[in-house]
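Reproduced below: upload.txt, with compact mmCIF, N, CA, C and O atoms.
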```
# COMPACT_ATOMS: atom_id res chain seq x y z
N MET B 15 -12.74 -23.50 18.95
CA MET B 15 -13.07 -22.40 18.08
C MET B 15 -12.26 -21.16 18.41
O MET B 15 -12.09 -20.30 17.58
N PHE B 16 -11.76 -21.07 19.63
CA PHE B 16 -10.95 -19.91 20.01
C PHE B 16 -9.66 -19.85 19.20
O PHE B 16 -9.12 -18.77 18.97
N VAL B 17 -9.18 -21.01 18.74
CA VAL B 17 -7.96 -21.03 17.93
C VAL B 17 -8.21 -20.33 16.60
O VAL B 17 -7.40 -19.51 16.15
N LEU B 18 -9.35 -20.61 15.98
CA LEU B 18 -9.71 -19.96 14.71
C LEU B 18 -9.91 -18.46 14.91
O LEU B 18 -9.50 -17.65 14.07
N ARG B 19 -10.51 -18.09 16.05
CA ARG B 19 -10.71 -16.66 16.36
C ARG B 19 -9.37 -15.96 16.51
O ARG B 19 -9.16 -14.88 15.96
N ASN B 20 -8.45 -16.58 17.23
CA ASN B 20 -7.12 -15.98 17.40
C ASN B 20 -6.36 -15.93 16.08
O ASN B 20 -5.63 -14.96 15.82
N LEU B 21 -6.51 -16.96 15.25
CA LEU B 21 -5.87 -16.97 13.95
C LEU B 21 -6.39 -15.84 13.08
O LEU B 21 -5.61 -15.14 12.43
N MET B 22 -7.70 -15.64 13.08
CA MET B 22 -8.30 -14.56 12.29
C MET B 22 -7.83 -13.20 12.79
O MET B 22 -7.54 -12.30 12.00
N GLY B 23 -7.72 -13.03 14.10
CA GLY B 23 -7.21 -11.78 14.66
C GLY B 23 -5.75 -11.56 14.28
O GLY B 23 -5.34 -10.43 13.97
N ALA B 24 -4.96 -12.62 14.28
CA ALA B 24 -3.56 -12.50 13.88
C ALA B 24 -3.43 -12.15 12.40
O ALA B 24 -2.58 -11.34 12.01
N VAL B 25 -4.28 -12.74 11.57
CA VAL B 25 -4.27 -12.42 10.14
C VAL B 25 -4.63 -10.95 9.94
O VAL B 25 -3.99 -10.26 9.13
N ALA B 26 -5.61 -10.46 10.66
CA ALA B 26 -5.99 -9.05 10.55
C ALA B 26 -4.83 -8.14 10.95
O ALA B 26 -4.56 -7.13 10.29
N THR B 27 -4.12 -8.51 12.00
CA THR B 27 -2.97 -7.71 12.44
C THR B 27 -1.86 -7.73 11.40
O THR B 27 -1.25 -6.68 11.11
N ILE B 28 -1.60 -8.88 10.82
CA ILE B 28 -0.55 -8.99 9.80
C ILE B 28 -0.92 -8.21 8.55
O ILE B 28 -0.08 -7.53 7.95
N VAL B 29 -2.19 -8.28 8.14
CA VAL B 29 -2.64 -7.52 6.98
C VAL B 29 -2.47 -6.02 7.24
O VAL B 29 -1.98 -5.28 6.38
N ASP B 30 -2.85 -5.57 8.42
CA ASP B 30 -2.71 -4.16 8.76
C ASP B 30 -1.25 -3.73 8.75
O ASP B 30 -0.90 -2.69 8.19
N LEU B 31 -0.39 -4.54 9.33
CA LEU B 31 1.04 -4.23 9.35
C LEU B 31 1.62 -4.20 7.94
O LEU B 31 2.41 -3.31 7.61
N ALA B 32 1.23 -5.15 7.11
CA ALA B 32 1.73 -5.18 5.73
C ALA B 32 1.28 -3.94 4.96
O ALA B 32 2.06 -3.37 4.18
N LEU B 33 0.05 -3.51 5.18
CA LEU B 33 -0.43 -2.31 4.50
C LEU B 33 0.32 -1.07 4.96
O LEU B 33 0.66 -0.19 4.15
N VAL B 34 0.59 -0.97 6.25
CA VAL B 34 1.34 0.17 6.77
C VAL B 34 2.77 0.16 6.21
O VAL B 34 3.28 1.21 5.78
N LEU B 35 3.41 -0.99 6.19
CA LEU B 35 4.77 -1.07 5.64
C LEU B 35 4.79 -0.71 4.16
O LEU B 35 5.71 -0.03 3.69
N TYR B 36 3.78 -1.16 3.42
CA TYR B 36 3.73 -0.81 2.00
C TYR B 36 3.51 0.69 1.82
O TYR B 36 4.09 1.31 0.92
N MET B 37 2.71 1.29 2.68
CA MET B 37 2.49 2.73 2.60
C MET B 37 3.78 3.49 2.89
O MET B 37 4.09 4.48 2.22
N VAL B 38 4.56 3.03 3.84
CA VAL B 38 5.85 3.65 4.14
C VAL B 38 6.80 3.51 2.95
O VAL B 38 7.49 4.46 2.57
N CYS B 39 6.83 2.33 2.35
CA CYS B 39 7.68 2.12 1.17
C CYS B 39 7.25 3.02 0.03
O CYS B 39 8.09 3.60 -0.68
N LEU B 40 5.95 3.14 -0.18
CA LEU B 40 5.44 4.00 -1.24
C LEU B 40 5.81 5.46 -0.99
O LEU B 40 6.27 6.16 -1.91
N PHE B 41 5.67 5.91 0.24
CA PHE B 41 6.03 7.28 0.57
C PHE B 41 7.53 7.51 0.35
O PHE B 41 7.93 8.53 -0.22
N ALA B 42 8.35 6.57 0.78
CA ALA B 42 9.79 6.70 0.59
C ALA B 42 10.15 6.72 -0.89
O ALA B 42 11.02 7.49 -1.32
N ALA B 43 9.49 5.90 -1.68
CA ALA B 43 9.77 5.88 -3.12
C ALA B 43 9.38 7.20 -3.79
O ALA B 43 10.09 7.70 -4.66
N VAL B 44 8.27 7.77 -3.35
CA VAL B 44 7.85 9.06 -3.90
C VAL B 44 8.86 10.15 -3.54
O VAL B 44 9.26 10.96 -4.38
N VAL B 45 9.30 10.16 -2.29
CA VAL B 45 10.29 11.16 -1.87
C VAL B 45 11.60 10.96 -2.63
O VAL B 45 12.26 11.93 -3.02
N MET B 46 11.99 9.73 -2.85
CA MET B 46 13.23 9.45 -3.61
C MET B 46 13.15 9.97 -5.03
O MET B 46 14.16 10.39 -5.59
N THR B 47 11.96 9.95 -5.64
CA THR B 47 11.85 10.49 -7.01
C THR B 47 12.04 12.00 -7.03
O THR B 47 12.41 12.55 -8.06
N TRP B 48 11.81 12.66 -5.91
CA TRP B 48 12.04 14.10 -5.86
C TRP B 48 13.52 14.43 -5.72
O TRP B 48 14.01 15.37 -6.33
N PHE B 49 14.23 13.67 -4.87
CA PHE B 49 15.60 14.03 -4.55
C PHE B 49 16.65 13.24 -5.33
O PHE B 49 17.75 13.75 -5.56
N ALA B 50 16.35 12.03 -5.69
CA ALA B 50 17.32 11.20 -6.42
C ALA B 50 16.59 10.37 -7.48
O ALA B 50 16.47 9.16 -7.36
N PRO B 51 16.09 11.03 -8.53
CA PRO B 51 15.24 10.31 -9.49
C PRO B 51 15.98 9.23 -10.29
O PRO B 51 15.39 8.26 -10.70
N ARG B 52 17.27 9.38 -10.49
CA ARG B 52 18.01 8.40 -11.28
C ARG B 52 19.05 7.65 -10.44
O ARG B 52 20.05 7.18 -10.97
N SER B 53 18.80 7.56 -9.18
CA SER B 53 19.74 6.91 -8.27
C SER B 53 19.81 5.41 -8.53
O SER B 53 18.83 4.76 -8.85
N ARG B 54 21.02 4.88 -8.39
CA ARG B 54 21.23 3.44 -8.55
C ARG B 54 21.59 2.79 -7.21
O ARG B 54 22.10 1.69 -7.18
N HIS B 55 21.32 3.48 -6.15
CA HIS B 55 21.58 2.95 -4.82
C HIS B 55 20.72 1.71 -4.59
O HIS B 55 19.55 1.67 -5.00
N PRO B 56 21.26 0.68 -3.95
CA PRO B 56 20.49 -0.55 -3.74
C PRO B 56 19.18 -0.35 -2.97
O PRO B 56 18.18 -1.01 -3.26
N ALA B 57 19.16 0.57 -2.03
CA ALA B 57 17.93 0.82 -1.27
C ALA B 57 16.85 1.42 -2.17
O ALA B 57 15.67 1.05 -2.07
N VAL B 58 17.26 2.32 -3.04
CA VAL B 58 16.30 2.94 -3.96
C VAL B 58 15.79 1.90 -4.95
O VAL B 58 14.60 1.85 -5.26
N ARG B 59 16.67 1.04 -5.43
CA ARG B 59 16.26 -0.02 -6.36
C ARG B 59 15.31 -0.99 -5.67
O ARG B 59 14.36 -1.47 -6.29
N LEU B 60 15.55 -1.28 -4.40
CA LEU B 60 14.65 -2.15 -3.65
C LEU B 60 13.26 -1.52 -3.51
O LEU B 60 12.24 -2.18 -3.72
N LEU B 61 13.23 -0.24 -3.16
CA LEU B 61 11.94 0.46 -3.03
C LEU B 61 11.18 0.43 -4.35
O LEU B 61 9.98 0.17 -4.38
N ARG B 62 11.89 0.70 -5.43
CA ARG B 62 11.23 0.68 -6.74
C ARG B 62 10.75 -0.71 -7.11
O ARG B 62 9.69 -0.87 -7.71
N ALA B 63 11.51 -1.73 -6.76
CA ALA B 63 11.10 -3.10 -7.06
C ALA B 63 9.84 -3.47 -6.28
O ALA B 63 9.03 -4.27 -6.76
N VAL B 64 9.67 -2.91 -5.10
CA VAL B 64 8.49 -3.21 -4.29
C VAL B 64 7.28 -2.41 -4.76
O VAL B 64 6.16 -2.92 -4.82
N VAL B 65 7.50 -1.16 -5.13
CA VAL B 65 6.40 -0.24 -5.40
C VAL B 65 5.98 -0.22 -6.87
O VAL B 65 4.78 -0.10 -7.18
N ASP B 66 6.91 -0.34 -7.78
CA ASP B 66 6.61 -0.18 -9.20
C ASP B 66 5.59 -1.16 -9.77
O ASP B 66 4.80 -0.76 -10.63
N PRO B 67 5.54 -2.43 -9.36
CA PRO B 67 4.51 -3.30 -9.94
C PRO B 67 3.08 -2.80 -9.70
O PRO B 67 2.25 -2.84 -10.61
N VAL B 68 2.80 -2.32 -8.51
CA VAL B 68 1.46 -1.81 -8.22
C VAL B 68 1.21 -0.50 -8.95
O VAL B 68 0.15 -0.30 -9.55
N LEU B 69 2.20 0.39 -8.93
CA LEU B 69 2.03 1.67 -9.61
C LEU B 69 1.86 1.50 -11.11
O LEU B 69 1.07 2.21 -11.74
N SER B 70 2.58 0.56 -11.70
CA SER B 70 2.45 0.35 -13.14
C SER B 70 1.06 -0.17 -13.51
O SER B 70 0.51 0.19 -14.55
N LYS B 71 0.47 -1.00 -12.65
CA LYS B 71 -0.90 -1.48 -12.90
C LYS B 71 -1.89 -0.33 -12.81
O LYS B 71 -2.82 -0.25 -13.62
N VAL B 72 -1.70 0.56 -11.86
CA VAL B 72 -2.59 1.72 -11.73
C VAL B 72 -2.41 2.63 -12.93
O VAL B 72 -3.39 3.13 -13.50
N ARG B 73 -1.18 2.86 -13.36
CA ARG B 73 -0.92 3.70 -14.53
C ARG B 73 -1.54 3.11 -15.79
O ARG B 73 -2.04 3.84 -16.65
N ARG B 74 -1.48 1.78 -15.92
CA ARG B 74 -2.07 1.12 -17.08
C ARG B 74 -3.59 1.23 -17.05
O ARG B 74 -4.24 1.44 -18.08
N ALA B 75 -4.19 1.08 -15.87
CA ALA B 75 -5.64 1.15 -15.75
C ALA B 75 -6.16 2.58 -15.89
O ALA B 75 -7.27 2.79 -16.40
N MET B 76 -5.38 3.56 -15.44
CA MET B 76 -5.80 4.96 -15.48
C MET B 76 -4.68 5.81 -16.08
O MET B 76 -3.98 6.52 -15.35
N PRO B 77 -4.50 5.77 -17.39
CA PRO B 77 -3.38 6.51 -17.99
C PRO B 77 -3.49 8.03 -17.86
O PRO B 77 -2.49 8.73 -17.98
N PHE B 78 -4.68 8.53 -17.60
CA PHE B 78 -4.85 9.98 -17.44
C PHE B 78 -4.20 10.51 -16.17
O PHE B 78 -4.09 11.73 -16.00
N LEU B 79 -3.73 9.64 -15.27
CA LEU B 79 -3.08 10.09 -14.04
C LEU B 79 -1.66 10.59 -14.27
O LEU B 79 -1.10 11.25 -13.40
N VAL B 80 -1.08 10.26 -15.42
CA VAL B 80 0.29 10.68 -15.73
C VAL B 80 0.21 11.69 -16.86
O VAL B 80 -0.05 11.32 -18.01
N GLN B 81 0.41 12.97 -16.51
CA GLN B 81 0.35 14.01 -17.52
C GLN B 81 1.36 15.10 -17.21
O GLN B 81 1.49 15.53 -16.06
N HIS B 82 2.06 15.53 -18.25
CA HIS B 82 2.99 16.66 -18.16
C HIS B 82 4.03 16.48 -17.06
O HIS B 82 4.37 17.42 -16.33
N GLY B 83 4.53 15.29 -16.88
CA GLY B 83 5.58 15.03 -15.90
C GLY B 83 5.08 14.79 -14.49
O GLY B 83 5.87 14.56 -13.59
N PHE B 84 3.78 14.85 -14.27
CA PHE B 84 3.22 14.59 -12.94
C PHE B 84 2.57 13.21 -12.94
O PHE B 84 1.75 12.90 -13.80
N ASP B 85 2.93 12.42 -11.95
CA ASP B 85 2.38 11.08 -11.81
C ASP B 85 1.55 11.05 -10.54
O ASP B 85 2.07 11.15 -9.43
N LEU B 86 0.25 10.94 -10.71
CA LEU B 86 -0.66 10.94 -9.56
C LEU B 86 -1.07 9.54 -9.13
O LEU B 86 -1.91 9.38 -8.24
N SER B 87 -0.48 8.52 -9.73
CA SER B 87 -0.85 7.14 -9.37
C SER B 87 -0.54 6.79 -7.90
O SER B 87 -1.30 6.03 -7.31
N PRO B 88 0.52 7.33 -7.29
CA PRO B 88 0.71 7.03 -5.86
C PRO B 88 -0.45 7.49 -4.97
O PRO B 88 -0.76 6.85 -3.98
N ILE B 89 -1.12 8.56 -5.37
CA ILE B 89 -2.27 9.04 -4.58
C ILE B 89 -3.39 8.01 -4.60
O ILE B 89 -4.00 7.73 -3.57
N ILE B 90 -3.63 7.41 -5.77
CA ILE B 90 -4.66 6.38 -5.88
C ILE B 90 -4.30 5.17 -5.01
O ILE B 90 -5.16 4.60 -4.33
N VAL B 91 -3.03 4.80 -5.02
CA VAL B 91 -2.59 3.66 -4.20
C VAL B 91 -2.71 4.00 -2.72
O VAL B 91 -3.14 3.15 -1.93
N PHE B 92 -2.38 5.23 -2.33
CA PHE B 92 -2.57 5.64 -0.93
C PHE B 92 -4.04 5.54 -0.54
O PHE B 92 -4.36 5.07 0.55
N PHE B 93 -4.94 5.99 -1.41
CA PHE B 93 -6.37 5.89 -1.12
C PHE B 93 -6.82 4.44 -1.00
O PHE B 93 -7.61 4.09 -0.12
N ALA B 94 -6.31 3.59 -1.88
CA ALA B 94 -6.67 2.16 -1.83
C ALA B 94 -6.18 1.52 -0.52
O ALA B 94 -6.92 0.75 0.11
N ILE B 95 -4.97 1.85 -0.13
CA ILE B 95 -4.44 1.31 1.13
C ILE B 95 -5.28 1.81 2.31
O ILE B 95 -5.61 1.05 3.22
N HIS B 96 -5.60 3.09 2.28
CA HIS B 96 -6.41 3.66 3.37
C HIS B 96 -7.78 2.97 3.42
O HIS B 96 -8.28 2.64 4.51
N PHE B 97 -8.38 2.74 2.26
CA PHE B 97 -9.67 2.05 2.22
C PHE B 97 -9.55 0.65 2.81
O PHE B 97 -10.39 0.23 3.61
N LEU B 98 -8.51 -0.08 2.42
CA LEU B 98 -8.33 -1.43 2.95
C LEU B 98 -8.11 -1.42 4.46
O LEU B 98 -8.62 -2.30 5.17
N ARG B 99 -7.37 -0.44 4.94
CA ARG B 99 -7.14 -0.36 6.39
C ARG B 99 -8.40 0.02 7.14
O ARG B 99 -8.57 -0.36 8.29
N ARG B 100 -9.29 0.80 6.53
CA ARG B 100 -10.51 1.22 7.21
C ARG B 100 -11.65 0.21 7.04
O ARG B 100 -12.57 0.19 7.83
N PHE B 101 -11.61 -0.62 5.97
CA PHE B 101 -12.69 -1.55 5.72
C PHE B 101 -12.30 -3.00 5.98
O PHE B 101 -12.95 -3.70 6.76
N LEU B 102 -11.24 -3.47 5.34
CA LEU B 102 -10.88 -4.88 5.42
C LEU B 102 -10.40 -5.29 6.81
O LEU B 102 -10.85 -6.30 7.36
N VAL B 103 -9.49 -4.52 7.37
CA VAL B 103 -8.90 -4.89 8.66
C VAL B 103 -9.96 -4.90 9.77
O VAL B 103 -10.06 -5.90 10.51
N PRO B 104 -10.80 -3.87 9.91
CA PRO B 104 -11.84 -3.96 10.95
C PRO B 104 -12.84 -5.09 10.69
O PRO B 104 -13.35 -5.69 11.64
N THR B 105 -13.10 -5.37 9.42
CA THR B 105 -14.01 -6.48 9.10
C THR B 105 -13.41 -7.81 9.56
O THR B 105 -14.13 -8.66 10.12
N LEU B 106 -12.12 -7.98 9.36
CA LEU B 106 -11.46 -9.20 9.83
C LEU B 106 -11.48 -9.29 11.35
O LEU B 106 -11.74 -10.36 11.92
N TYR B 107 -11.21 -8.16 12.02
CA TYR B 107 -11.26 -8.15 13.48
C TYR B 107 -12.67 -8.47 13.99
O TYR B 107 -12.84 -9.22 14.95
N GLU B 108 -13.68 -7.89 13.35
CA GLU B 108 -15.05 -8.14 13.80
C GLU B 108 -15.46 -9.59 13.53
O GLU B 108 -16.15 -10.21 14.35
N ALA B 109 -15.03 -10.13 12.39
CA ALA B 109 -15.34 -11.52 12.11
C ALA B 109 -14.67 -12.44 13.14
O ALA B 109 -15.27 -13.43 13.58
N ALA B 110 -13.46 -12.07 13.54
CA ALA B 110 -12.78 -12.87 14.57
C ALA B 110 -13.51 -12.75 15.91
O ALA B 110 -13.63 -13.74 16.64
N ALA B 111 -14.00 -11.56 16.24
CA ALA B 111 -14.67 -11.37 17.51
C ALA B 111 -16.00 -12.13 17.57
O ALA B 111 -16.43 -12.55 18.64
N ARG B 112 -16.66 -12.30 16.42
CA ARG B 112 -17.96 -12.96 16.42
C ARG B 112 -17.86 -14.48 16.44
O ARG B 112 -18.85 -15.16 16.64
N MET B 113 -16.66 -15.00 16.23
CA MET B 113 -16.49 -16.45 16.27
C MET B 113 -16.56 -16.91 17.72
O MET B 113 -15.96 -16.32 18.61
N GLN B 114 -17.27 -18.00 17.92
CA GLN B 114 -17.39 -18.50 19.29
C GLN B 114 -16.99 -19.95 19.38
O GLN B 114 -17.11 -20.76 18.63
```

Final structure tokens representation of the file:
Amino acid sequence: MFVLRNLMGAVATIVDLALVLYMVCLFAAVVMTWFAPRSRHPAVRLLRAVVDPVLSKVRRAMPFLVQHGFDLSPIIVFFAIHFLRRFLVPTLYEAAARMQ
């Protein structure tokens, strides 16, 4: 059973790392829209390819977040990531700790 416990702990760590990396990508994409909004640099295109699918779903679900040139959908995604890091990751760690 210790193998399953270690696997669950590893999954929790990977989920946490993936959420942190996505938050960094999202932050970088937001900063890029301020300084290079129409850039065709491959790094900027990669960031947009990673971030835009989630942001477009949030924009579609909550169209009132985009008004007068301001897009507040990244804030909602930041809150969602923070919630997942505060709720899901500790829950996975605790579930792993309770396995015997």

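Only residues having an atom at most 12 Å from (-15.8, -12.4, 17.5) are included; using only C-alpha atoms, these are Met15, Phe16, Val17, Leu18, Arg19, Asn20, Leu21, Met22, Gly23, Pro104, Thr105, Leu106, Tyr107, Glu108, Ala109, Ala110, Ala111, Arg112, Met113 and Gln114 of chain B.
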
*Select from chain B everything DSSP, run on the backbone, classes as alpha helix (DSSP H), then give the selection as a VMD selection string.*
chain B and resid 16 to 49 56 to 75 87 to 112

*Have a look at atom C of Trp48 (chain B) and atom O of Val72 (chain B) and let me know their distance in Å, one decimal.*
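A separation of 21.8 Å between them.
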
*What are the DSSP strand (DSSP E) residues of chain B, as a ChimeraX atom specification?*
/B:80-81,84-85

*Straight-line distance linking CA of Ala75 (chain B) with atom O of Ile28 (chain B), stated in Å to one decimal*: 25.8 Å

_From B:Pro88, B:Pro67, B:Pro77, B:Pro56, residue lying nearest Leu40 (chain B) [only C-alpha atoms]_ = B:Pro88

Will you model all heavy atoms for region 60-71 of chain B and pass it back as a PDB file, in the coordinates of the input?
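New file rebuild25.pdb:
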```pdb
ATOM      1  N   LEU B  60      15.550  -1.280  -4.400  1.00  0.00           N
ATOM      2  CA  LEU B  60      14.650  -2.150  -3.650  1.00  0.00           C
ATOM      3  C   LEU B  60      13.260  -1.520  -3.510  1.00  0.00           C
ATOM      4  O   LEU B  60      12.240  -2.180  -3.720  1.00  0.00           O
ATOM      5  CB  LEU B  60      15.220  -2.473  -2.272  1.00  0.00           C
ATOM      6  CG  LEU B  60      14.312  -3.285  -1.362  1.00  0.00           C
ATOM      7  CD1 LEU B  60      14.126  -4.689  -1.915  1.00  0.00           C
ATOM      8  CD2 LEU B  60      14.881  -3.332   0.041  1.00  0.00           C
ATOM      9  N   LEU B  61      13.230  -0.240  -3.160  1.00  0.00           N
ATOM     10  CA  LEU B  61      11.940   0.460  -3.030  1.00  0.00           C
ATOM     11  C   LEU B  61      11.180   0.430  -4.350  1.00  0.00           C
ATOM     12  O   LEU B  61       9.980   0.170  -4.380  1.00  0.00           O
ATOM     13  CB  LEU B  61      12.164   1.904  -2.593  1.00  0.00           C
ATOM     14  CG  LEU B  61      12.452   2.129  -1.126  1.00  0.00           C
ATOM     15  CD1 LEU B  61      12.789   3.590  -0.883  1.00  0.00           C
ATOM     16  CD2 LEU B  61      11.283   1.703  -0.280  1.00  0.00           C
ATOM     17  N   ARG B  62      11.890   0.700  -5.430  1.00  0.00           N
ATOM     18  CA  ARG B  62      11.230   0.680  -6.740  1.00  0.00           C
ATOM     19  C   ARG B  62      10.750  -0.710  -7.110  1.00  0.00           C
ATOM     20  O   ARG B  62       9.690  -0.870  -7.710  1.00  0.00           O
ATOM     21  CB  ARG B  62      12.169   1.223  -7.803  1.00  0.00           C
ATOM     22  CG  ARG B  62      12.356   2.716  -7.684  1.00  0.00           C
ATOM     23  CD  ARG B  62      13.154   3.271  -8.831  1.00  0.00           C
ATOM     24  NE  ARG B  62      13.381   4.685  -8.633  1.00  0.00           N
ATOM     25  CZ  ARG B  62      14.480   5.310  -8.961  1.00  0.00           C
ATOM     26  NH1 ARG B  62      15.482   4.649  -9.510  1.00  0.00           N
ATOM     27  NH2 ARG B  62      14.606   6.596  -8.742  1.00  0.00           N
ATOM     28  N   ALA B  63      11.510  -1.730  -6.760  1.00  0.00           N
ATOM     29  CA  ALA B  63      11.100  -3.100  -7.060  1.00  0.00           C
ATOM     30  C   ALA B  63       9.840  -3.470  -6.280  1.00  0.00           C
ATOM     31  O   ALA B  63       9.030  -4.270  -6.760  1.00  0.00           O
ATOM     32  CB  ALA B  63      12.229  -4.070  -6.726  1.00  0.00           C
ATOM     33  N   VAL B  64       9.670  -2.910  -5.100  1.00  0.00           N
ATOM     34  CA  VAL B  64       8.490  -3.210  -4.290  1.00  0.00           C
ATOM     35  C   VAL B  64       7.280  -2.410  -4.760  1.00  0.00           C
ATOM     36  O   VAL B  64       6.160  -2.920  -4.820  1.00  0.00           O
ATOM     37  CB  VAL B  64       8.790  -2.902  -2.791  1.00  0.00           C
ATOM     38  CG1 VAL B  64       7.537  -2.940  -1.953  1.00  0.00           C
ATOM     39  CG2 VAL B  64       9.820  -3.877  -2.261  1.00  0.00           C
ATOM     40  N   VAL B  65       7.500  -1.160  -5.130  1.00  0.00           N
ATOM     41  CA  VAL B  65       6.400  -0.240  -5.400  1.00  0.00           C
ATOM     42  C   VAL B  65       5.980  -0.220  -6.870  1.00  0.00           C
ATOM     43  O   VAL B  65       4.780  -0.100  -7.180  1.00  0.00           O
ATOM     44  CB  VAL B  65       6.810   1.182  -4.932  1.00  0.00           C
ATOM     45  CG1 VAL B  65       5.843   2.229  -5.390  1.00  0.00           C
ATOM     46  CG2 VAL B  65       6.943   1.204  -3.432  1.00  0.00           C
ATOM     47  N   ASP B  66       6.910  -0.340  -7.780  1.00  0.00           N
ATOM     48  CA  ASP B  66       6.610  -0.180  -9.200  1.00  0.00           C
ATOM     49  C   ASP B  66       5.590  -1.160  -9.770  1.00  0.00           C
ATOM     50  O   ASP B  66       4.800  -0.760 -10.630  1.00  0.00           O
ATOM     51  CB  ASP B  66       7.891  -0.212 -10.040  1.00  0.00           C
ATOM     52  CG  ASP B  66       8.609   1.123 -10.031  1.00  0.00           C
ATOM     53  OD1 ASP B  66       7.996   2.128  -9.600  1.00  0.00           O
ATOM     54  OD2 ASP B  66       9.771   1.178 -10.464  1.00  0.00           O
ATOM     55  N   PRO B  67       5.540  -2.430  -9.360  1.00  0.00           N
ATOM     56  CA  PRO B  67       4.510  -3.300  -9.940  1.00  0.00           C
ATOM     57  C   PRO B  67       3.080  -2.800  -9.700  1.00  0.00           C
ATOM     58  O   PRO B  67       2.250  -2.840 -10.610  1.00  0.00           O
ATOM     59  CB  PRO B  67       4.749  -4.643  -9.240  1.00  0.00           C
ATOM     60  CG  PRO B  67       6.179  -4.622  -8.867  1.00  0.00           C
ATOM     61  CD  PRO B  67       6.487  -3.198  -8.528  1.00  0.00           C
ATOM     62  N   VAL B  68       2.800  -2.320  -8.510  1.00  0.00           N
ATOM     63  CA  VAL B  68       1.460  -1.810  -8.220  1.00  0.00           C
ATOM     64  C   VAL B  68       1.210  -0.500  -8.950  1.00  0.00           C
ATOM     65  O   VAL B  68       0.150  -0.300  -9.550  1.00  0.00           O
ATOM     66  CB  VAL B  68       1.268  -1.634  -6.696  1.00  0.00           C
ATOM     67  CG1 VAL B  68      -0.059  -0.974  -6.384  1.00  0.00           C
ATOM     68  CG2 VAL B  68       1.376  -2.972  -6.002  1.00  0.00           C
ATOM     69  N   LEU B  69       2.200   0.390  -8.930  1.00  0.00           N
ATOM     70  CA  LEU B  69       2.030   1.670  -9.610  1.00  0.00           C
ATOM     71  C   LEU B  69       1.860   1.500 -11.110  1.00  0.00           C
ATOM     72  O   LEU B  69       1.070   2.210 -11.740  1.00  0.00           O
ATOM     73  CB  LEU B  69       3.217   2.595  -9.312  1.00  0.00           C
ATOM     74  CG  LEU B  69       3.312   3.128  -7.886  1.00  0.00           C
ATOM     75  CD1 LEU B  69       4.552   3.991  -7.728  1.00  0.00           C
ATOM     76  CD2 LEU B  69       2.063   3.885  -7.499  1.00  0.00           C
ATOM     77  N   SER B  70       2.580   0.560 -11.700  1.00  0.00           N
ATOM     78  CA  SER B  70       2.450   0.350 -13.140  1.00  0.00           C
ATOM     79  C   SER B  70       1.060  -0.170 -13.510  1.00  0.00           C
ATOM     80  O   SER B  70       0.510   0.190 -14.550  1.00  0.00           O
ATOM     81  CB  SER B  70       3.536  -0.585 -13.656  1.00  0.00           C
ATOM     82  OG  SER B  70       3.373  -1.875 -13.128  1.00  0.00           O
ATOM     83  N   LYS B  71       0.470  -1.000 -12.650  1.00  0.00           N
ATOM     84  CA  LYS B  71      -0.900  -1.480 -12.900  1.00  0.00           C
ATOM     85  C   LYS B  71      -1.890  -0.330 -12.810  1.00  0.00           C
ATOM     86  O   LYS B  71      -2.820  -0.250 -13.620  1.00  0.00           O
ATOM     87  CB  LYS B  71      -1.264  -2.577 -11.916  1.00  0.00           C
ATOM     88  CG  LYS B  71      -0.570  -3.882 -12.208  1.00  0.00           C
ATOM     89  CD  LYS B  71      -0.960  -4.949 -11.233  1.00  0.00           C
ATOM     90  CE  LYS B  71      -0.138  -6.203 -11.521  1.00  0.00           C
ATOM     91  NZ  LYS B  71      -0.431  -7.285 -10.592  1.00  0.00           N
TER      92      LYS B  71
END
```
